[in-house]
Structures are given as structure tokens and as C-alpha cells.
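Reading through the C-alpha cells given below for one structure.
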Amino acid sequence: MKQLILLSFFVILFSCKTSKKEQPAPETNRWSEEKAWAWYEKYEWLAGANFNPSTSINQLEFWQPDTFDPETIDRELGWSAELGFNLHRVYLHNLLWDQDSTGFLERLDSYLDMADKHGIKTMFVLLDDVWHPVPKLGIQPEPIPHVHNSGWVQAPGAAILGDSTRHDELEAYIKGVVGKFANDDRVICWDVYNEPDNVAKRPGRESFEVKNKHIFSLALLKKVFAWAREANPSQPLTCGMWKEKVENWGNPEKLPPLERYMLEQSDVISFHAYDNSTEAVQQKIDQLKKYSRPLLCTEYMARTRNNTFENMMPLLKENNVAAINWGFVSGKTQTIYPWKSWDSTFTAEPEVWFHDVLRADGTPFSEDEVTLIKELTNR
């Protein structure tokens, strides 16, 4: 009997050790160039939009249980697929995790099911330094008439970002979301932090902003990259370049610490390109090609800046750069209005939209644009 008990003990002990060995160790280092290219070459040319349903003013209204709108989301995803888009960049928010982590993950899963049904992959954005520094759960404000993106909110916002002792409050959110979808092929990439150190300059918002924001954004970014890697995702991590002198983008030693860290930690390189000429965007691409990694343009297309589908999308495809424009269906974000609507008065829809592709009924702002997009995506 004793021998049987001892034998059982050793079998259990051996099984535990074996199962422990079989678990893959977390990949805590940046991907190699070879691994990054192997990932990128699995896909056809990636093209799509930053997606926020027309019925949501911001990330919170998109995902909160009372305003999550599957009917609108599914309809608009279908329109996106009809254009040949195969990738959406989608913003999340840490407060949604705090509110109800289980329900939030369920809604993310529901969204991914809808996107996958339409053949669209997803790049989730975890944090964001842009727009209002004081995000609040609950009923979101109505749009300020004729004002660009009047209700967008930062994540995590000034209260947490500006207090480094509170940064660790985000660990469960980052690890929870990335860990949940770490091996889910519906998720193609993780954009860990949108435009770190972007300072709100609109009246009524500046007073809430973090002083010396770049210091706190860098400190948080370092933790976010580490937490995301500890979740051991099968997808790459990135953080997009968006400012500083373009001629320095390819020379890390000339960049400030924040931008240098963004480039040095990204498995694949992403960037924003609202420049007013193809030459300027080509310069960005040429600088970033020096890193010998796949390139993704995660924001572009601002018509009144001469940044259009006609001149930018072919350029990105020619350079094998993923193309993700800002905005899709015109709605509560009101990004058909230009940035200058923050301090200029508009009283009606602009003749030339700034962002967005379709109206709320699915008809395009420009038939010519839709034709071009379909041609470039082989639709």
C-alpha cells in the first residue's frame, strides 16, 4: 500500500513538472526582424480604417454596456468589407475594465466575432494621450455642434498619468485584455499607446493637463510594453511615431527619449501621416525603412490638407506600408470637420470633409474615392 502511495506521488510530481515545461515562456524581448517579417508576410496588403461606430462619441460610449450597439457595428463593418478593407484600428479604455472586466471582455469578443465574419482583422489601441484629460464613465456628453471630435477622452487621463504612484493600477487592464486575446488570430496587432505626450490645447482642457507630460508618458509606456510582453501575445506590439523632426526619425540618437523608446521597443513600426504632400510622407517612410521592419501607417487622410485617398493610398501600397485612415462612417465624433473647428465657427457640413468615408446611411462622400479604394484593395 505504501509503495502504491509513493508511486502515485512520483507520477503526480512528474506530471506537474512535465506540464510546467510544456508551457511556453513569456517572450519579454522585442521580436527579431525575421519574426516581424514572417508575421507581416502572412497577410495580403493591409488596408482599413480607424473604426468607431457612428453612434459613439468616444471609446467609452462605444464599449459601455448601455450604449454598445451591435446592430450599427455589424452594419458598418459590412460596409467596410464591401470596400475591401481588411483591418480596423479600434480604441479601448482602462475605465471599461474597471467598470466590469468580464462584461468588457465579452463585448470585445462579440465585436471580434462580427469583424471576423466580415473578414476584418483588428488592431486594438490600449491607451491614448489625446483629447480630454478627464475621462468619466457613464452617460457621455452630446457632441458640440460642428466641432471635430468634441467628446474624445484620454486613457488613462491626467489623474492616473500624472501620478506615477498610480501607474500600476493599469497592470491588470493591460495584462487582462492582452492575455485574453494573446493567441486569437482575429487580433492582428497591439498598439499599446496612441500619441504619447499629445497635450490638449483646447480652451477648458489645458488646465487639466499633466505638466511635463512627456516624462510621465515615457514612464508609463515602459511599464505598458513590459506588461503586454508578460501577457505573451502571439501578435506584435507597436507604438506609433507622430511628432518630432522627420529627418531624425531614422536616427534614434537624435530623438528625445520618448520617441527613441517607442521605436526601439516596437516589434513592427507604425506612424501617423497627415502631411500635406506625398514627398513628406515618402520621407517618413524612407526614414523608418532604416529599421528593416514592417511599416504600418495607422493614421492618415485629411482632405483639406491635401492628404487624400487619391494621393496617399497608392503611395502607401507602393511602399508595402499598411494603410489605416482616420474615420469611417460620419457620426457623433464629427471628424468631417477640420481641426480648426476647435477655434473657428462652423454652422453647416463642410463642402470638403476632413475625415470619414461614408454617411450614416452608407452612401459615400465621394464615389470616386470608393472606386479607388476598391481598385487598390482588389475588391
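Quick note on naming: the chains in the C-alpha cells go A, B, ... in the order shown, residues restart at 1 in each chain, and ligands are numbered from 1 in order of appearance.
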Distance query Leu137 (chain A) at most 9 Å, only C-alpha atoms, self and fewer than 6 positions along chain excluded, as a PyMOL selection string: chain A and resi 60-61+64+95-96+99
Q: Using backbone DSSP assignments, extract all strand (DSSP E or B) residues from region 226-270 of chain A; output them as a count of residues only.
A: 5
Need the shell around region 224-234 of chain A: protein/DNA/RNA residues with any atom at most 12 Å away, counting only C-alpha atoms. Skip same-chain ones fewer than 5 positions apart. Format as an MDAnalysis selection string? chainID A and resid 23:31 35:36 39 125:128 156 167:194 196 217:219 239 261:267
Distance table requested - region 105-211 of chain A against region 337-353 of chain A, cut-off 6 Å, only C-alpha atoms: one row per qualifying residue with the closest atom pair and its distance in Å to one decimal, ordered by chain and rising residue number, as a tab-separated table.
```
residue	atom	partner	partner_atom	distance
A:His146	CA	A:Phe346	CA	5.7
A:Val147	CA	A:Ser341	CA	5.3
A:His148	CA	A:Tyr337	CA	5.2
```
Correct to one decimal, the distance CA of Pro135 (chain A)-CA of Glu209 (chain A) is 12.1 Å
Just want the 8 Å neighbourhood of Leu288 (chain A), counted on only C-alpha atoms, with same-chain residues fewer than 4 positions away dropped. Output as number ranges by chain. A: 249-250, 269, 284, 292, 295
Would you please give, as JSON, numbers by chain, all residues of region 11-224 of chain A that DSSP assigns to helix (DSSP H, G or I) based on the backbone?
{"A": [11, 12, 13, 14, 15, 16, 17, 18, 19, 20, 21, 22, 33, 34, 35, 36, 37, 38, 39, 40, 59, 60, 61, 62, 63, 70, 71, 72, 73, 74, 75, 76, 77, 78, 79, 80, 81, 82, 94, 95, 96, 97, 98, 99, 100, 101, 102, 103, 104, 105, 106, 107, 108, 109, 110, 111, 112, 113, 114, 115, 116, 117, 158, 159, 160, 161, 164, 165, 166, 167, 168, 169, 170, 171, 172, 173, 174, 175, 176, 177, 178, 179, 180, 206, 207, 208, 213, 214, 215, 216, 217, 218, 219, 220, 221, 222, 223, 224]}
task = Grab the CA of Arg293 (chain A) to CA of Trp37 (chain A) distance for me, in Å with one decimal place.
result =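 That distance, rounded to one decimal, is 6.7 Å.
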ask   = What lies within 12 Å of Gln140 (chain A) using only C-alpha atoms, ignoring chain neighbours under 2 positions off, as a list of chain:residue names?
value =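 Using only C-alpha atoms, the neighbours found are A:Thr55, A:Ser56, A:Ile57, A:Asn58, A:Gln59, A:Leu60, A:Glu61, A:Phe62, A:Trp63, A:Gln64, A:Asp66, A:Thr67, A:Pro135, A:Lys136, A:Leu137, A:Gly138, A:Glu142, A:Pro143, A:Ile144, A:Ser150, A:Gly151, A:Trp152, A:Val153, A:Lys332, A:Thr333.
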List as a PyMOL selection string the protein and nucleic acid residues near His272 (chain A), meaning an atom at most 9 Å away when only C-alpha atoms are counted, but skip any in the same chain fewer than 5 places from it. chain A and resi 240-243+296-300
- prompt: Which residues come within 10 Å of Thr308 (chain A), counting only C-alpha atoms, excluding same-chain residues fewer than 2 positions away, as a list in words?
  reply: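 Listed by chain and then number, they are Tyr274, Asn276, Ser277, Thr278, Tyr300, Met301, Ala302, Arg303, Thr304, Arg305, Asn306, Glu310, Asn311, Met312, Met313, Asn325, Phe354, His355 and Glu369 of chain A.
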So that I have them on file, write out the residues from the current selection with C-alpha atoms, as a short mmCIF file (atom, residue, chain, number, x, y, z; two decimals), in the first residue's frame.
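Saved result, out13.cif, follows:
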```
data_model
loop_
_atom_site.label_atom_id
_atom_site.label_comp_id
_atom_site.auth_asym_id
_atom_site.auth_seq_id
_atom_site.Cartn_x
_atom_site.Cartn_y
_atom_site.Cartn_z
CA TYR A 274 -1.29 63.80 -42.03
CA ASN A 276 0.25 67.81 -46.98
CA SER A 277 2.37 66.19 -49.69
CA THR A 278 3.37 62.77 -50.92
CA TYR A 300 -3.67 59.35 -42.42
CA MET A 301 -6.18 61.13 -44.71
CA ALA A 302 -7.13 64.75 -44.05
CA ARG A 303 -8.63 66.06 -47.27
CA THR A 304 -8.27 69.80 -46.73
CA ARG A 305 -4.57 69.30 -46.01
CA ASN A 306 -4.12 67.71 -49.45
CA GLU A 310 -6.04 59.64 -54.22
CA ASN A 311 -2.51 60.78 -53.38
CA MET A 312 -1.68 58.82 -50.20
CA MET A 313 -3.21 55.37 -50.51
CA ASN A 325 -7.11 56.10 -42.49
CA PHE A 354 -11.81 66.46 -43.31
CA HIS A 355 -12.03 62.72 -42.38
CA GLU A 369 -12.79 57.69 -53.63
#
```
Discussion item. Ranking A:Val130, A:Leu258, A:Val329, A:Leu376 by minimum distance to Asn52 (chain A) and counting only C-alpha atoms, which one comes first?
Written reply: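 Comparing A:Val130, A:Leu258, A:Val329, A:Leu376 against Asn52 (chain A), the winner is A:Val329.
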Task: For Glu41 (chain A), the nearest of the candidates A:Ala322, A:Ala155, A:Ile160, A:Met123, counting only C-alpha atoms - done: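 Ranked by minimum distance to Glu41 (chain A), first place goes to A:Ala322.
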